[in-house]
$ cat work-v6.txt   # compact mmCIF, C-alpha atoms
# COMPACT_ATOMS: atom_id res chain seq x y z
CA MET M 472 32.92 14.25 -10.87
CA GLY M 473 29.58 12.58 -10.19
CA ALA M 474 29.63 13.65 -6.54
CA ASP M 475 30.50 17.26 -7.46
CA ASN M 476 27.72 17.42 -10.01
CA GLN M 477 25.26 15.96 -7.55
CA THR M 478 25.87 18.78 -5.04
CA TRP M 479 24.62 21.33 -7.60
CA VAL M 480 21.04 20.32 -6.74
CA ARG M 481 20.09 21.21 -3.15
CA GLU M 482 16.34 20.90 -3.68
CA PHE M 483 13.91 19.55 -6.25
CA VAL M 484 10.73 21.11 -7.60
CA LEU M 485 7.66 18.91 -7.97
CA LEU M 486 5.51 19.90 -10.94
CA SER M 487 2.44 18.23 -9.37
CA LEU M 488 -0.86 17.97 -11.30
CA SER M 489 -1.77 21.48 -12.39
CA SER M 490 -0.49 25.05 -12.40
CA ASP M 491 -3.98 26.58 -12.34
CA TRP M 492 -4.78 28.05 -8.90
CA ASP M 493 -8.51 27.21 -8.87
CA THR M 494 -7.78 23.63 -9.92
CA GLN M 495 -5.16 23.27 -7.19
CA VAL M 496 -7.58 24.54 -4.53
CA GLY M 497 -10.21 22.07 -5.71
CA LEU M 498 -7.68 19.23 -5.64
CA PHE M 499 -6.57 20.30 -2.16
CA VAL M 500 -10.12 20.00 -0.83
CA LEU M 501 -10.77 16.69 -2.61
CA PHE M 502 -7.55 15.00 -1.52
CA SER M 503 -7.76 16.43 2.01
CA VAL M 504 -11.11 14.71 2.50
CA ALA M 505 -9.76 11.48 0.98
CA TYR M 506 -6.68 11.57 3.23
CA LEU M 507 -8.77 12.17 6.36
CA LEU M 508 -11.02 9.23 5.43
CA THR M 509 -7.91 7.09 4.84
CA VAL M 510 -6.41 7.90 8.23
CA LEU M 511 -9.72 7.57 10.05
CA GLY M 512 -10.71 4.29 8.37
CA ASN M 513 -7.38 2.54 8.88
CA VAL M 514 -6.86 3.74 12.46
CA LEU M 515 -10.41 2.68 13.41
CA ILE M 516 -9.85 -0.80 11.95
CA VAL M 517 -6.64 -1.18 14.00
CA LEU M 518 -8.43 -0.01 17.17
CA LEU M 519 -11.38 -2.30 16.48
CA ILE M 520 -9.09 -5.31 16.13
CA ARG M 521 -7.35 -4.39 19.39
CA LEU M 522 -10.62 -3.89 21.32
CA ASP M 523 -12.67 -6.86 20.10
CA GLY M 524 -11.45 -10.21 21.41
CA ARG M 525 -13.16 -12.10 18.56
CA LEU M 526 -10.78 -10.42 16.13
CA HIS M 527 -7.64 -11.59 17.94
CA ALA M 528 -6.78 -14.05 15.18
CA PRO M 529 -3.92 -14.27 12.63
CA MET M 530 -6.07 -12.92 9.78
CA TYR M 531 -6.85 -9.72 11.69
CA PHE M 532 -3.31 -9.42 13.04
CA PHE M 533 -2.12 -9.22 9.43
CA LEU M 534 -5.00 -6.88 8.56
CA SER M 535 -3.91 -4.47 11.29
CA ASN M 536 -0.41 -4.52 9.81
CA LEU M 537 -1.89 -3.81 6.37
CA CYS M 538 -3.81 -0.83 7.78
CA LEU M 539 -0.63 0.54 9.37
CA VAL M 540 1.22 0.18 6.07
CA ASP M 541 -1.59 1.92 4.17
CA VAL M 542 -1.90 4.90 6.49
CA SER M 543 1.90 5.26 6.64
CA TYR M 544 2.22 5.09 2.86
CA ALA M 545 -0.45 7.75 2.37
CA THR M 546 1.20 9.93 5.02
CA SER M 547 4.58 9.69 3.27
CA ILE M 548 3.12 11.34 0.15
CA VAL M 549 -0.22 13.12 0.65
CA PRO M 550 0.55 15.84 3.29
CA GLN M 551 3.47 17.15 1.25
CA MET M 552 1.34 17.08 -1.90
CA LEU M 553 -1.45 18.99 -0.15
CA ALA M 554 1.00 21.64 1.06
CA HIS M 555 2.28 22.11 -2.49
CA PHE M 556 -1.25 22.67 -3.82
CA LEU M 557 -1.40 25.89 -1.77
CA ALA M 558 2.27 26.91 -2.13
CA GLU M 559 3.65 29.14 -4.83
CA HIS M 560 7.06 27.48 -4.65
CA LYS M 561 6.76 23.68 -4.80
CA GLY M 562 10.27 22.82 -3.73
CA ILE M 563 11.27 19.82 -1.65
CA PRO M 564 14.76 19.66 -0.05
CA TYR M 565 17.19 17.04 -1.34
CA VAL M 566 17.19 15.11 1.96
CA SER M 567 13.38 15.26 2.25
CA CYS M 568 13.04 13.91 -1.27
CA ALA M 569 15.36 11.00 -0.43
CA ALA M 570 13.38 10.30 2.76
CA GLN M 571 10.08 10.37 0.88
CA LEU M 572 11.38 7.95 -1.74
CA PHE M 573 12.70 5.61 0.96
CA PHE M 574 9.47 5.47 2.96
CA SER M 575 7.06 5.27 0.02
CA LEU M 576 9.09 2.61 -1.79
CA GLY M 577 9.68 0.63 1.41
CA LEU M 578 6.04 0.70 2.49
CA GLY M 579 4.90 -0.26 -1.00
CA GLY M 580 7.21 -3.28 -0.98
CA THR M 581 6.06 -4.24 2.52
CA GLU M 582 2.44 -4.24 1.37
CA PHE M 583 3.14 -6.63 -1.51
CA VAL M 584 4.85 -9.16 0.76
CA LEU M 585 2.19 -8.73 3.45
CA LEU M 586 -0.58 -9.51 0.95
CA ALA M 587 1.24 -12.74 0.04
CA VAL M 588 1.46 -13.61 3.76
CA MET M 589 -2.28 -12.97 4.10
CA ALA M 590 -2.91 -15.25 1.11
CA TYR M 591 -0.93 -18.00 2.85
CA ASP M 592 -3.04 -17.48 5.97
CA ARG M 593 -6.24 -17.91 3.91
CA TYR M 594 -4.76 -21.00 2.24
CA VAL M 595 -4.12 -22.67 5.59
CA ALA M 596 -7.57 -21.65 6.90
CA VAL M 597 -9.39 -23.15 3.91
CA CYS M 598 -7.18 -26.10 2.96
CA ASP M 599 -6.07 -27.27 6.42
CA PRO M 600 -8.62 -25.86 8.89
CA LEU M 601 -8.08 -28.47 11.62
CA ARG M 602 -4.37 -27.65 11.90
CA TYR M 603 -4.84 -23.90 11.38
CA PRO M 604 -4.29 -22.91 15.06
CA VAL M 605 -1.17 -25.08 15.21
CA ILE M 606 0.36 -23.83 11.95
CA MET M 607 -0.54 -20.14 12.30
CA HIS M 608 0.70 -19.73 15.86
CA GLY M 609 1.72 -16.39 17.33
CA GLY M 610 5.45 -16.87 16.75
CA LEU M 611 5.06 -17.63 13.05
CA CYS M 612 2.66 -14.70 12.55
CA ALA M 613 5.13 -12.32 14.20
CA ARG M 614 8.02 -13.60 12.07
CA LEU M 615 6.00 -13.30 8.87
CA ALA M 616 5.01 -9.72 9.74
CA VAL M 617 8.61 -8.76 10.57
CA THR M 618 9.81 -10.36 7.32
CA SER M 619 7.29 -8.28 5.37
CA TRP M 620 8.45 -5.01 6.95
CA LEU M 621 12.15 -5.87 6.65
CA SER M 622 12.02 -6.99 3.02
CA GLY M 623 10.37 -3.75 1.92
CA SER M 624 12.75 -1.62 4.01
CA VAL M 625 15.94 -3.33 2.82
CA ASN M 626 14.90 -3.12 -0.84
CA SER M 627 14.02 0.55 -0.44
CA LEU M 628 17.27 1.38 1.36
CA ILE M 629 19.35 -0.14 -1.43
CA HIS M 630 17.44 1.65 -4.22
CA THR M 631 17.36 4.98 -2.40
CA ALA M 632 21.13 4.87 -1.87
CA ILE M 633 21.80 3.93 -5.50
CA THR M 634 19.38 6.50 -6.92
CA PHE M 635 20.69 9.44 -4.91
CA GLN M 636 24.28 8.67 -5.84
CA LEU M 637 23.44 9.55 -9.44
CA PRO M 638 24.74 12.95 -10.59
CA MET M 639 21.69 15.18 -11.08
CA CYS M 640 23.69 18.16 -12.44
CA THR M 641 21.30 21.10 -12.74
CA ASN M 642 18.17 19.00 -13.30
CA LYS M 643 15.76 19.70 -10.44
CA TYR M 644 12.23 19.58 -11.89
CA ILE M 645 10.47 16.30 -11.03
CA ASP M 646 7.41 15.89 -13.22
CA HIS M 647 5.50 13.91 -10.62
CA ILE M 648 3.39 14.31 -7.47
CA SER M 649 6.19 12.94 -5.26
CA CYS M 650 9.80 11.78 -5.32
CA GLU M 651 8.94 8.55 -7.13
CA ILE M 652 11.97 6.44 -8.02
CA LEU M 653 11.58 6.38 -11.82
CA ALA M 654 10.85 10.12 -11.90
CA VAL M 655 14.02 10.86 -9.90
CA ILE M 656 16.17 8.54 -12.01
CA ARG M 657 15.12 10.46 -15.14
CA LEU M 658 16.82 13.58 -13.77
CA ALA M 659 20.29 12.05 -13.88
CA CYS M 660 22.68 13.45 -16.48
CA VAL M 661 24.32 10.05 -17.06
CA ASP M 662 23.17 6.79 -18.61
CA THR M 663 20.62 5.29 -16.20
CA SER M 664 19.82 2.06 -18.05
CA SER M 665 21.47 -0.03 -15.30
CA ASN M 666 19.36 1.75 -12.66
CA GLU M 667 16.17 1.13 -14.61
CA ILE M 668 17.10 -2.54 -15.02
CA SER M 669 17.77 -2.87 -11.28
CA VAL M 670 14.36 -1.33 -10.52
CA MET M 671 12.72 -3.84 -12.84
CA VAL M 672 14.67 -6.77 -11.33
CA SER M 673 13.79 -5.79 -7.77
CA SER M 674 10.17 -5.27 -8.88
CA ILE M 675 10.12 -8.81 -10.23
CA VAL M 676 11.59 -10.15 -6.98
CA LEU M 677 9.53 -8.07 -4.54
CA LEU M 678 6.37 -7.76 -6.61
CA MET M 679 6.03 -10.74 -8.92
CA THR M 680 7.35 -13.34 -6.46
CA PRO M 681 4.69 -12.51 -3.83
CA PHE M 682 2.13 -12.21 -6.61
CA CYS M 683 2.96 -15.73 -7.81
CA LEU M 684 2.65 -16.99 -4.22
CA VAL M 685 -0.77 -15.34 -4.01
CA LEU M 686 -1.83 -17.02 -7.27
CA LEU M 687 -0.54 -20.39 -6.07
CA SER M 688 -2.41 -20.01 -2.78
CA TYR M 689 -5.67 -19.19 -4.52
CA ILE M 690 -5.28 -22.02 -7.03
CA ARG M 691 -5.02 -24.40 -4.07
CA ILE M 692 -7.92 -22.66 -2.30
CA ILE M 693 -10.20 -22.89 -5.36
CA SER M 694 -9.24 -26.52 -5.88
CA THR M 695 -10.13 -27.31 -2.26
CA VAL M 696 -13.38 -25.33 -2.31
CA LEU M 697 -14.59 -27.07 -5.48
CA LYS M 698 -14.29 -30.41 -3.65
CA ILE M 699 -16.74 -29.25 -0.97
CA GLN M 700 -20.08 -30.98 -1.56
CA SER M 701 -22.51 -28.42 -0.12
CA ILE M 702 -23.17 -25.13 -1.91
CA GLU M 703 -23.43 -23.37 1.46
CA GLY M 704 -20.00 -24.71 2.44
CA ARG M 705 -18.48 -23.42 -0.80
CA LYS M 706 -20.00 -19.98 -0.29
CA LYS M 707 -18.68 -19.80 3.26
CA ALA M 708 -15.17 -20.81 2.18
CA PHE M 709 -15.10 -18.32 -0.70
CA HIS M 710 -16.49 -15.58 1.53
CA THR M 711 -13.48 -15.78 3.85
CA CYS M 712 -11.23 -14.83 0.91
CA THR M 713 -13.21 -12.23 -1.06
CA SER M 714 -12.03 -9.18 0.91
CA HIS M 715 -8.37 -10.13 0.61
CA LEU M 716 -8.73 -11.04 -3.07
CA THR M 717 -10.33 -7.65 -3.85
CA VAL M 718 -7.45 -5.81 -2.15
CA VAL M 719 -4.92 -7.99 -4.00
CA VAL M 720 -6.42 -7.05 -7.39
CA LEU M 721 -6.29 -3.34 -6.53
CA CYS M 722 -2.75 -3.27 -5.15
CA TYR M 723 -0.93 -5.67 -7.47
CA GLY M 724 -2.81 -4.48 -10.56
CA MET M 725 -1.65 -0.88 -10.25
CA ALA M 726 1.92 -1.77 -9.30
CA ILE M 727 2.40 -4.29 -12.12
CA PHE M 728 1.04 -1.81 -14.65
CA THR M 729 3.48 0.83 -13.39
CA TYR M 730 6.75 -1.09 -13.00
CA ILE M 731 6.61 -4.27 -15.10
CA GLN M 732 6.60 -2.94 -18.67
CA PRO M 733 9.39 -4.37 -20.85
CA ASN M 734 9.41 -2.07 -23.89
CA SER M 735 6.98 0.70 -23.08
CA SER M 736 6.06 2.93 -20.21
CA PRO M 737 2.97 4.96 -19.32
CA SER M 738 2.87 8.68 -20.01
CA VAL M 739 3.80 11.12 -17.24
CA LEU M 740 0.12 11.89 -16.66
CA GLN M 741 -0.68 8.17 -16.42
CA GLU M 742 2.13 7.72 -13.89
CA LYS M 743 0.74 10.56 -11.78
CA LEU M 744 -2.78 9.15 -11.87
CA ILE M 745 -1.56 5.66 -11.00
CA SER M 746 0.44 7.06 -8.08
CA LEU M 747 -2.62 8.98 -6.88
CA PHE M 748 -4.71 5.82 -7.08
CA TYR M 749 -2.12 3.90 -5.07
CA ALA M 750 -1.40 6.66 -2.52
CA ILE M 751 -4.97 7.79 -1.87
CA LEU M 752 -7.70 5.58 -3.28
CA THR M 753 -6.33 2.13 -2.41
CA PRO M 754 -5.50 2.94 1.26
CA MET M 755 -8.93 4.57 1.60
CA LEU M 756 -10.78 1.62 0.04
CA ASN M 757 -9.01 -1.20 1.92
CA PRO M 758 -10.69 -0.63 5.33
CA MET M 759 -14.04 -0.12 3.56
CA ILE M 760 -13.62 -3.41 1.68
CA TYR M 761 -12.88 -5.34 4.87
CA SER M 762 -15.67 -3.57 6.79
CA LEU M 763 -18.35 -4.19 4.17
CA ARG M 764 -17.41 -7.70 3.02
CA ASN M 765 -16.23 -9.30 6.26
CA LYS M 766 -18.93 -10.61 8.62
CA GLU M 767 -16.71 -10.67 11.71
CA VAL M 768 -15.61 -7.06 11.20
CA LYS M 769 -19.22 -5.96 10.60
CA ARG M 770 -20.35 -7.69 13.79
CA ALA M 771 -17.50 -6.05 15.70
CA TRP M 772 -18.56 -2.64 14.35
CA GLN M 773 -22.18 -3.27 15.37
CA LYS M 774 -21.13 -4.31 18.86
CA LEU M 775 -18.85 -1.28 19.30
CA LEU M 776 -21.44 1.17 17.96
CA GLY M 777 -24.09 -0.40 20.21
CA GLN M 778 -21.84 0.04 23.23
CA LEU M 779 -21.10 3.65 22.29
CA PHE M 780 -24.80 4.36 21.74
CA GLY M 781 -25.68 2.82 25.11
CA LEU M 782 -22.96 4.84 26.84
CA THR M 783 -24.25 8.02 25.17
CA LEU M 784 -27.77 7.35 26.42
CA LYS M 785 -26.52 6.77 29.98
CA LEU M 786 -24.55 10.02 29.94
CA ALA M 787 -27.58 11.88 28.52
CA THR M 788 -29.86 10.65 31.30
$ encode --input "work-v6.txt" --output "structure tokens"
Amino acid sequence: MGADNQTWVREFVLLSLSSDWDTQVGLFVLFSVAYLLTVLGNVLIVLLIRLDGRLHAPMYFFLSNLCLVDVSYATSIVPQMLAHFLAEHKGIPYVSCAAQLFFSLGLGGTEFVLLAVMAYDRYVAVCDPLRYPVIMHGGLCARLAVTSWLSGSVNSLIHTAITFQLPMCTNKYIDHISCEILAVIRLACVDTSSNEISVMVSSIVLLMTPFCLVLLSYIRIISTVLKIQSIEGRKKAFHTCTSHLTVVVLCYGMAIFTYIQPNSSPSVLQEKLISLFYAILTPMLNPMIYSLRNKEVKRAWQKLLGQLFGLTLKLAT
């Protein structure tokens, strides 16, 4: 019976943010610019890390992975949302909705684990600097990166399969900007309490476990830094962590507010705004944070821009 009911829905309709045409056009322009900045910023950071030999270090290897996750996450949601702003019919096929949920959920999970891996990298760099090259060797970095991608993908595959086995009956209107897992689960015409519990459990495992590892790493980092005698030494040690810590607050803060709420949940509008923040603002801000607050990245930008300027002058003459 559940399978028969489920076949009644061949596509979903996303209600998006507004039904007013002028508002939708304005949102299209705003989010198009934000998406272009997101893609440009993250791709440039990846290219910069590849081109500048001084950035061939574990920290920047993980940063390039973070940039790839961010641009992929934004791409899994934003282009479809932009198309719907200008479309009269805001339908999304059943299979496309499942694919969107899989990629967005998987990439989100990957980012949480990757941020914990980056925290471990900073912990080793600050607390055991002499053994840092030995501990954070290429093989370990590759395994940690693969583990991050696999953990997010496996979790997403399981939840996508479970969610789209639910009988949707004739419910097809998703009151969200994308096929977000909780929004899709609400469409089911059966009791979904077990699904909601499984989402919360996996959120605790894939979100809170890395978050606790991040906290533990920074507790150890702060403890080590406070033992440094010189003020200049403390500043230098803290400076190596500020970019990552800022990104951690942005990413984990939004996700925890969305998924870890025992007896209450945000309104539909709050959910949409949180998803927009996570899909557009955070991926756009991450490369800016690392570019503005990281001395090595700033120096690499200055070197690259200087080379490009010199090449332009040569071509002009």
$ residues_around --input "work-v6.txt" --residues "Leu553 (chain M)" --least-positions-apart "6" --cutoff "9 Å" --atoms "only C-alpha atoms" --output "PyMOL selection string"
chain M and resi 498-500+502-503
$ residues_around --input "work-v6.txt" --residues "Leu611 (chain M)" --least-positions-apart "3" --cutoff "12 Å" --atoms "all atoms listed in the file" --output "VMD selection string"
chain M and resid 529 532 to 533 588 591 to 592 603 to 608 614 to 618
$ closest_residue --input "work-v6.txt" --among "M:Ser701, M:Thr753, M:Ser665, M:Gln495" --to "Met725 (chain M)" --atoms "all atoms listed in the file"
M:Thr753
$ closest_residue --input "work-v6.txt" --among "M:Phe709, M:Met755, M:Val542, M:Tyr761" --to "Leu697 (chain M)" --atoms "only C-alpha atoms"
M:Phe709
$ residues_around --input "work-v6.txt" --residues "region 563-576 of chain M" --least-positions-apart "6" --cutoff "6 Å" --atoms "only C-alpha atoms" --output "list in words"
Arg481, Glu482, Phe483, Tyr544, Ser627, Thr631, Cys650 and Glu651 of chain M
$ residues_near_point --input "work-v6.txt" --point "(-15.7, -6.7, 7.1)" --cutoff "12 Å" --atoms "only C-alpha atoms" --output "PyMOL selection string"
chain M and resi 516+519-520+526+530-531+534+710-715+756-773
$ closest_residue --input "work-v6.txt" --among "M:Leu522, M:Ala558, M:Ala545, M:Ala587" --to "Asp491 (chain M)" --atoms "all atoms listed in the file"
M:Ala558
$ build_atoms --input "work-v6.txt" --residues "region 675-686 of chain M" --atoms "all heavy atoms" --output "PDB file, in the frame of the given file"
ATOM      1  N   ILE M 675      10.463  -7.411  -9.961  1.00  0.00           N
ATOM      2  CA  ILE M 675      10.120  -8.810 -10.230  1.00  0.00           C
ATOM      3  C   ILE M 675      10.257  -9.643  -8.956  1.00  0.00           C
ATOM      4  O   ILE M 675       9.399 -10.459  -8.630  1.00  0.00           O
ATOM      5  CB  ILE M 675      11.019  -9.373 -11.350  1.00  0.00           C
ATOM      6  CG1 ILE M 675      10.671  -8.697 -12.695  1.00  0.00           C
ATOM      7  CG2 ILE M 675      10.872 -10.890 -11.462  1.00  0.00           C
ATOM      8  CD1 ILE M 675      11.617  -9.032 -13.817  1.00  0.00           C
ATOM      9  N   VAL M 676      11.342  -9.381  -8.207  1.00  0.00           N
ATOM     10  CA  VAL M 676      11.590 -10.150  -6.980  1.00  0.00           C
ATOM     11  C   VAL M 676      10.565  -9.813  -5.902  1.00  0.00           C
ATOM     12  O   VAL M 676       9.942 -10.695  -5.310  1.00  0.00           O
ATOM     13  CB  VAL M 676      13.016  -9.884  -6.450  1.00  0.00           C
ATOM     14  CG1 VAL M 676      13.205 -10.538  -5.081  1.00  0.00           C
ATOM     15  CG2 VAL M 676      14.047 -10.399  -7.439  1.00  0.00           C
ATOM     16  N   LEU M 677      10.364  -8.502  -5.656  1.00  0.00           N
ATOM     17  CA  LEU M 677       9.530  -8.070  -4.540  1.00  0.00           C
ATOM     18  C   LEU M 677       8.057  -7.939  -4.898  1.00  0.00           C
ATOM     19  O   LEU M 677       7.215  -7.867  -4.016  1.00  0.00           O
ATOM     20  CB  LEU M 677      10.045  -6.733  -3.998  1.00  0.00           C
ATOM     21  CG  LEU M 677       9.671  -6.386  -2.552  1.00  0.00           C
ATOM     22  CD1 LEU M 677      10.244  -7.421  -1.596  1.00  0.00           C
ATOM     23  CD2 LEU M 677      10.149  -5.005  -2.171  1.00  0.00           C
ATOM     24  N   LEU M 678       7.759  -7.904  -6.184  1.00  0.00           N
ATOM     25  CA  LEU M 678       6.370  -7.760  -6.610  1.00  0.00           C
ATOM     26  C   LEU M 678       5.834  -9.052  -7.218  1.00  0.00           C
ATOM     27  O   LEU M 678       4.799  -9.568  -6.784  1.00  0.00           O
ATOM     28  CB  LEU M 678       6.262  -6.604  -7.612  1.00  0.00           C
ATOM     29  CG  LEU M 678       4.910  -6.363  -8.286  1.00  0.00           C
ATOM     30  CD1 LEU M 678       3.824  -6.117  -7.244  1.00  0.00           C
ATOM     31  CD2 LEU M 678       4.999  -5.177  -9.234  1.00  0.00           C
ATOM     32  N   MET M 679       6.545  -9.571  -8.213  1.00  0.00           N
ATOM     33  CA  MET M 679       6.030 -10.740  -8.920  1.00  0.00           C
ATOM     34  C   MET M 679       6.155 -12.025  -8.109  1.00  0.00           C
ATOM     35  O   MET M 679       5.309 -12.910  -8.218  1.00  0.00           O
ATOM     36  CB  MET M 679       6.750 -10.891 -10.266  1.00  0.00           C
ATOM     37  CG  MET M 679       6.485  -9.752 -11.238  1.00  0.00           C
ATOM     38  SD  MET M 679       4.721  -9.419 -11.485  1.00  0.00           S
ATOM     39  CE  MET M 679       4.171 -10.940 -12.239  1.00  0.00           C
ATOM     40  N   THR M 680       7.216 -12.136  -7.287  1.00  0.00           N
ATOM     41  CA  THR M 680       7.350 -13.340  -6.460  1.00  0.00           C
ATOM     42  C   THR M 680       6.194 -13.468  -5.467  1.00  0.00           C
ATOM     43  O   THR M 680       5.537 -14.524  -5.406  1.00  0.00           O
ATOM     44  CB  THR M 680       8.700 -13.354  -5.715  1.00  0.00           C
ATOM     45  OG1 THR M 680       9.768 -13.309  -6.668  1.00  0.00           O
ATOM     46  CG2 THR M 680       8.835 -14.620  -4.865  1.00  0.00           C
ATOM     47  N   PRO M 681       5.887 -12.413  -4.684  1.00  0.00           N
ATOM     48  CA  PRO M 681       4.690 -12.510  -3.830  1.00  0.00           C
ATOM     49  C   PRO M 681       3.413 -12.710  -4.618  1.00  0.00           C
ATOM     50  O   PRO M 681       2.516 -13.446  -4.176  1.00  0.00           O
ATOM     51  CB  PRO M 681       4.681 -11.153  -3.096  1.00  0.00           C
ATOM     52  CG  PRO M 681       6.083 -10.694  -3.118  1.00  0.00           C
ATOM     53  CD  PRO M 681       6.642 -11.173  -4.419  1.00  0.00           C
ATOM     54  N   PHE M 682       3.329 -12.059  -5.788  1.00  0.00           N
ATOM     55  CA  PHE M 682       2.130 -12.210  -6.610  1.00  0.00           C
ATOM     56  C   PHE M 682       1.942 -13.659  -7.043  1.00  0.00           C
ATOM     57  O   PHE M 682       0.821 -14.188  -7.026  1.00  0.00           O
ATOM     58  CB  PHE M 682       2.222 -11.292  -7.827  1.00  0.00           C
ATOM     59  CG  PHE M 682       1.007 -11.354  -8.723  1.00  0.00           C
ATOM     60  CD1 PHE M 682      -0.230 -10.931  -8.258  1.00  0.00           C
ATOM     61  CD2 PHE M 682       1.114 -11.831 -10.020  1.00  0.00           C
ATOM     62  CE1 PHE M 682      -1.352 -10.980  -9.072  1.00  0.00           C
ATOM     63  CE2 PHE M 682       0.000 -11.889 -10.842  1.00  0.00           C
ATOM     64  CZ  PHE M 682      -1.243 -11.460 -10.368  1.00  0.00           C
ATOM     65  N   CYS M 683       3.037 -14.317  -7.426  1.00  0.00           N
ATOM     66  CA  CYS M 683       2.960 -15.730  -7.810  1.00  0.00           C
ATOM     67  C   CYS M 683       2.558 -16.606  -6.623  1.00  0.00           C
ATOM     68  O   CYS M 683       1.804 -17.579  -6.782  1.00  0.00           O
ATOM     69  CB  CYS M 683       4.312 -16.197  -8.365  1.00  0.00           C
ATOM     70  SG  CYS M 683       4.709 -15.497  -9.992  1.00  0.00           S
ATOM     71  N   LEU M 684       3.040 -16.252  -5.425  1.00  0.00           N
ATOM     72  CA  LEU M 684       2.650 -16.990  -4.220  1.00  0.00           C
ATOM     73  C   LEU M 684       1.162 -16.807  -3.931  1.00  0.00           C
ATOM     74  O   LEU M 684       0.488 -17.747  -3.497  1.00  0.00           O
ATOM     75  CB  LEU M 684       3.488 -16.524  -3.027  1.00  0.00           C
ATOM     76  CG  LEU M 684       4.978 -16.885  -3.076  1.00  0.00           C
ATOM     77  CD1 LEU M 684       5.714 -16.253  -1.896  1.00  0.00           C
ATOM     78  CD2 LEU M 684       5.174 -18.401  -3.069  1.00  0.00           C
ATOM     79  N   VAL M 685       0.660 -15.598  -4.179  1.00  0.00           N
ATOM     80  CA  VAL M 685      -0.770 -15.340  -4.010  1.00  0.00           C
ATOM     81  C   VAL M 685      -1.573 -16.192  -4.993  1.00  0.00           C
ATOM     82  O   VAL M 685      -2.568 -16.832  -4.620  1.00  0.00           O
ATOM     83  CB  VAL M 685      -1.093 -13.842  -4.221  1.00  0.00           C
ATOM     84  CG1 VAL M 685      -2.602 -13.608  -4.289  1.00  0.00           C
ATOM     85  CG2 VAL M 685      -0.497 -13.008  -3.095  1.00  0.00           C
ATOM     86  N   LEU M 686      -1.140 -16.215  -6.262  1.00  0.00           N
ATOM     87  CA  LEU M 686      -1.830 -17.020  -7.270  1.00  0.00           C
ATOM     88  C   LEU M 686      -1.821 -18.499  -6.899  1.00  0.00           C
ATOM     89  O   LEU M 686      -2.844 -19.190  -7.008  1.00  0.00           O
ATOM     90  CB  LEU M 686      -1.162 -16.829  -8.638  1.00  0.00           C
ATOM     91  CG  LEU M 686      -1.444 -15.518  -9.372  1.00  0.00           C
ATOM     92  CD1 LEU M 686      -0.692 -15.498 -10.702  1.00  0.00           C
ATOM     93  CD2 LEU M 686      -2.944 -15.347  -9.624  1.00  0.00           C
TER      94      LEU M 686
END
